[in-house]
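Chemist: Could you have a look at this structure, given as structure tokens, before my questions?
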Amino acid sequence: MLSRWAHRHASWLFPAPAVVLVATIIVYPIAYTGWMSLHEWFASSLTGPRFIGLANYGKIVLGDARFREAVVRTLYFTTLAVAAETLLGVAMALLFNREFWGRGLLRTLAILPMVATPTAIALVFVMMYHPTLGVANYLVSLVGLSPFRWTYSSQTALYALALVDVWQWTPLIMLIALAGLASLPREPYEAAHLDGATPLQALWHITLPLLRPALVVAILFRAIDALKTFDIIFVMTQGGPANSSETINILLFNQAFSYFNMGYSASMAVALFALVMGASLILIKVRRSTTW
Amino acid sequence: MADRRLTRRTFLKSVAAGVAAGPFVSTPARAQGFTWKRFQGKELFLLLTKHPFIDVLEKNIPEFESLSGMKVKWETLPEIQARQKLTVEMTANSGGIDAFFTSLHVEKKRFWKAGWYHPLNKFLDDKSLTSPDFDWNDFTPGARAGVTQPDGSISALAAFIDANVVFYRKDLFGSKGVTPPKTLADLEPLVQKLHAPPATYGIVLRGLKNANATQYPSILFPMGGTYLKDGKAALDTKEQVSSLDLYARLLRQYGPPGVVNFNWYECSASFMQGQVAMYMDGVNFASQFEDAAKSKVVGKVGYAVLPSGPGGHFSPIYITGMAVSSQSRSKEAAYLFTQWATNKANMVRELMAGVGVGRTSTWDNPDVKAKPKMPADWYQAYQASLKIGRQGLPEIVGVTEYRDIIGVAIQKGIEGAPAAQVLAQAQKEFQDLLNRTES
């Protein structure tokens with residue numbers, strides 16, 4: 001009896017546990033954040049949230065220069081980091097795609113940064129970036145450059161942070177590109193070779209176009225991640241000096257847990273969500289389009 | 001209805017009277033019976049913060065358990081995480097926390113306005129709840145003011161008190177024939193004399209935003225500056241401009257490279273590496289200077305009170321305390337713990353471990369004098385600083401936001417922007433913050 005009932009309703013019964021789980025830990029928080037963003041609330045037990053409609057969004061768009069700067073900074077950081085990672089990652093993938101002695105060992109070593117904990121990496125980089133005691137300036141001096149201020153100057157902080165991101169995440173792009181390379185067919189290369197194409201031409205006209213779907217996925221992963229980078233910035237600069245490395249995520253964390261502006265920070269979270277969503281949609285569209 | 005609000009003065013009077021009368025009327029009071037065992041069998045949960053004071057306290061909690069017959073459970077988190085956890089627990093009204101360690105210089109008005117502190121006035125008055133030897137008046141005036149709200153309610157019992165002092169290299173000062181600065185006017189010429197980069201930089205102070213806001217008043221207060229005037233923002237006064245100008249110039253011209261993003265960690269690292277002649281910061285950082293495993297300057301560090309200035313002689317102080325949660329289901333039992341944690345015996349233990357406390361009696365305790373952990377001038381500088389202590393940050397709801405506002409202004413100053421210009425911007429933002437949160 002029961003089994004027959006279950007059999008008849010299997011189509012919704014089986015996915016039900018997963019649906020409930022997703023609803024409670026993903027859908028509900030998102031909806032609640034959206035609802036919170038329409039309120040003003042200072043995390044007080046005595047006075048509850050006050051409904052203020054879209055006022056928070058009005059403030060974000062029109063009134064808050066700090067937020068606007070954070071948006072520009074977030075996009076800049078993402079572009080910078082992901083572009084460098086893609087270039088280096090593809091280059092490394094092309095290198096490791098060749099046969100040479102010690103390739104397996106080097107390839108394993110190359111992906112090590114990816115498996116380390118961001119917070120731990122950040123703490124190590126804080127020490128390495130120290131302007132007078134750190135090893136980074138020592139290395140720089142070995143190649144004859146004058147010392148940098150790294151994260152200790154508002155002119156260089158964002159670049160120094162992007163460098164950490166690049167160090168850690170280039171291997172991800174490399175891995176995905178390497179998998180893409182392994183699946184490429186041999187025939188086009190043979191044909192190109194017969195037609196007298198140089199290796200560079202083969203790379204530009206065959207390898208890269210064929211690699212594109214894999215690369216777009218890799219860039220998509222990295223872009224989403226870089227847009228919401230939090231840990232390394234929080235640990236290394238807390239958004240400073242001044243506000244020179246404050247991204248949207250750092251700002252909204254401060255609004256929520258330092259200033260207790262819960263509603264306002266929720267509206268920033270929604271804005272960040274929209275930004276990540278928008279970037280993803282664009283990239284997915286790029287992937288589907290057939291023209292290069 | 002008559003105004004039943006307690007002002008701080010009347011409250012202090014009544015407490016003082018109670019204490020003074022204590023020995024003579026103790027029989028009825030004892031008959032009502034103060035006893036540590038009153039809540040025997042109860043269980044308490046504490047939210048504590050990673051802090052030198054707590055490190056010492058934690059070791060002695062079993063002693064409280066056998067004294068009171070209560071079971072104590074606790075969780076110790078880093079400050080920021082503890083504050084997040086508390087925020088989540090309190091806004092959810094869970095009632096799971098009975099007492100907590102609170103950084104009053106940041107949380108005082110915010111938590112008070114949110115209604116998270118249980119006022120301790122009645123408990124302190126109640127002789128059946130407060131041990132006869134607790135002695136509220138033993139706390140320094142700065143410590144008492146630091147835990148008391150504008151409406152007179154007492155939100156916590158003062159635990160650790162940090163005061164800003166001068167750390168200086170006795171050897172370097174000696175070889176140049178100079179002494180620690182007595183006035184603000186001495187400061188810059190002195191630092192200039194000591195500045196010999198890259199071997200030695202003249203001075204280090206915190207540059208990192210937010211963190212620098214606790215060090216800035218070391219210059220601002222003696223210069224005669226304040227945060228508020230008649231409840232309005234006062235960041236663009238001429239005292240503010242000369243203070244920020246001096247603070248930023250000292251660091252820009254005589255500080256180690258990158259000082260603009262130095263928190264206390266980087267500051268004390270460069271001091272302990274012997275790179276800096278002088279450093280002003282919280283007195284509690286000193287214990288690591290005298291630790292040979294970490295420091296290259298052991299035995300070479302002198303300690304002195306901050307310089308005075310045209311506005312007077314002050315030391316910015318920062319108070320942490322033990323508070324009873326307003327949502328606790330056993331507030332009186334939790335009060336017993338807070339009281340025990342800040343009583344004379346425990347404060348002596350703290351002081352002997354090199355953790356500064358605001359109880360006058362502890363300083364003359366024979367044990368402390370017999371086995372000093374720190375050099376004598378450390379104790380002298382600390383004690384003298386407590387006497388001229390003034391709450392180092394504005395007592396407002398949005399302390400953290402204020403610290404970011406002034407912190408960014410200071411960092412821009414260090415990187416070369418004119419003080420008047422960055423303070424004009426800070427003034428605007430600070431007034432906007434006050435409008436939003438202080439109404």
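If you're wondering about the labels, chains in the structure tokens are A, B, ... by order shown, residues count from 1 in each chain, ligands from 1 in order shown.
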Once you count only C-alpha atoms, which residues of chain A turn out to be within 12 Å of chain B? Could you give them as a ChimeraX atom specification?

Modeler: /A:40-49,64-66,126-127,129-134,137,147-157,235-246,251,253-262

Chemist: Using only C-alpha atoms, which residues sit within 12 Å of B:Lys238 once same-chain residues fewer than 3 positions away are excluded, as a list in words?

Modeler: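 Listed by chain and then number, they are Leu220, Met223, Gly224, Gly225, Thr226, Ala234, Leu235, Val241, Ser242, Ser243, Leu244, Asp245, Ala419, Ala420, Leu423 and Ala424 of chain B.
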
Chemist: May I have all residues of stretch 82-231 of chain B that DSSP, computed from the backbone, assigns to strand (DSSP E), given as a list in words?

Modeler: Ala99, Phe100, Phe101, Thr102, Ser103, Leu157, Ala158, Ala159, Phe160, Ile161, Asp162, Ala163, Asn164, Val165, Val166, Phe167, Tyr168, Arg169, Leu228 and Lys229 of chain B

Chemist: Could you state the separation of atom CA of B:Ser325 and atom CA of B:Met352 in Å, given to one decimal place?

Modeler: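 Atom CA of B:Met352 lies 29.2 Å from atom CA of B:Ser325.
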
Chemist: Please report the interatomic distance between atom CA of B:Asp126 and atom CA of B:Leu336 in Å with one decimal.

Modeler: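 Going from atom CA of B:Asp126 over to atom CA of B:Leu336 covers 11.8 Å.
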
Chemist: Per DSSP on the backbone, what are the helix (DSSP H, G or I) residues of stretch 42-204 of chain B, as a PyMOL selection string?

Modeler: chain B and resi 52-68+79-91+104-114+121-125+136-138+141-147+170-176+184-194

Chemist: Have a look at A:Ala122, A:Leu94, A:Ala70, A:Met36 and name the one nearest to A:Tyr57; count only C-alpha atoms.

Modeler: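 Comparing A:Ala122, A:Leu94, A:Ala70, A:Met36 against A:Tyr57, the winner is A:Met36.
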
Chemist: Looking at B:Val147, B:Ala99, B:Lys300, B:Lys85, which one is nearest to B:Phe173, with distances taken over only C-alpha atoms?

Modeler: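 Between B:Val147, B:Ala99, B:Lys300, B:Lys85, the residue approaching B:Phe173 most closely is B:Lys300.
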
Chemist: Would you mind listing what lies within 10 Å of B:Glu58 as a ChimeraX atom specification, with only C-alpha atoms counted and same-chain residues fewer than 4 positions away left out?

Modeler: /B:48,53-54,62-63,74,76,341

Chemist: With a distance cut-off of 6 Å and only C-alpha atoms, select the neighbouring residues of A:Ile111, excluding the residue or stretch itself and same-chain residues fewer than 3 positions from it, and output the selection as a PyMOL selection string.

Modeler: chain A and resi 108+114+171

Chemist: Enter the distance from atom CA of B:Phe39 to atom CA of B:Ser328, in Å, rounded to one decimal.

Modeler: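 Interatomic distance, atom CA of B:Phe39 to atom CA of B:Ser328: 14.2 Å.
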
Chemist: Got a sec: who's within 9 Å of A:Trp167, counting only C-alpha atoms, leaving out chain neighbours fewer than 5 positions off, as a JSON list (two decimals) with N, CA, C and O atoms, in the first residue's frame?

Modeler:
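Wrote part-v3.json, looks like this:
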```json
[["chain", "number", "residue", "atom", "x", "y", "z"],
["A", 85, "GLU", "N", 46.07, 35.59, -14.17],
["A", 85, "GLU", "CA", 45.97, 34.15, -13.93],
["A", 85, "GLU", "C", 45.74, 33.39, -15.23],
["A", 85, "GLU", "O", 46.29, 32.31, -15.45],
["A", 113, "PRO", "N", 49.99, 25.68, -4.30],
["A", 113, "PRO", "CA", 49.38, 26.90, -3.73],
["A", 113, "PRO", "C", 47.87, 26.80, -3.61],
["A", 113, "PRO", "O", 47.27, 27.32, -2.67],
["A", 114, "MET", "N", 47.26, 26.09, -4.57],
["A", 114, "MET", "CA", 45.81, 26.01, -4.63],
["A", 114, "MET", "C", 45.21, 25.28, -3.43],
["A", 114, "MET", "O", 44.08, 25.56, -3.04],
["A", 162, "ALA", "N", 46.43, 41.46, -5.36],
["A", 162, "ALA", "CA", 46.16, 40.71, -6.59],
["A", 162, "ALA", "C", 47.27, 39.69, -6.83],
["A", 162, "ALA", "O", 47.02, 38.57, -7.28]]
```

Chemist: Could you name the residues that touch B:Asp281 at 10 Å or less, counting only C-alpha atoms, but leaving out those on the same chain fewer than 2 positions away, as a PyMOL selection string?

Modeler: chain B and resi 162-167+204-206+212+214-216+218+264+267-268+279+283-286+306+316

Chemist: Counting only C-alpha atoms, which of A:Ser289, A:Ser11, A:Ser141, A:Ser267 gets nearest to A:Trp35?

Modeler: A:Ser267
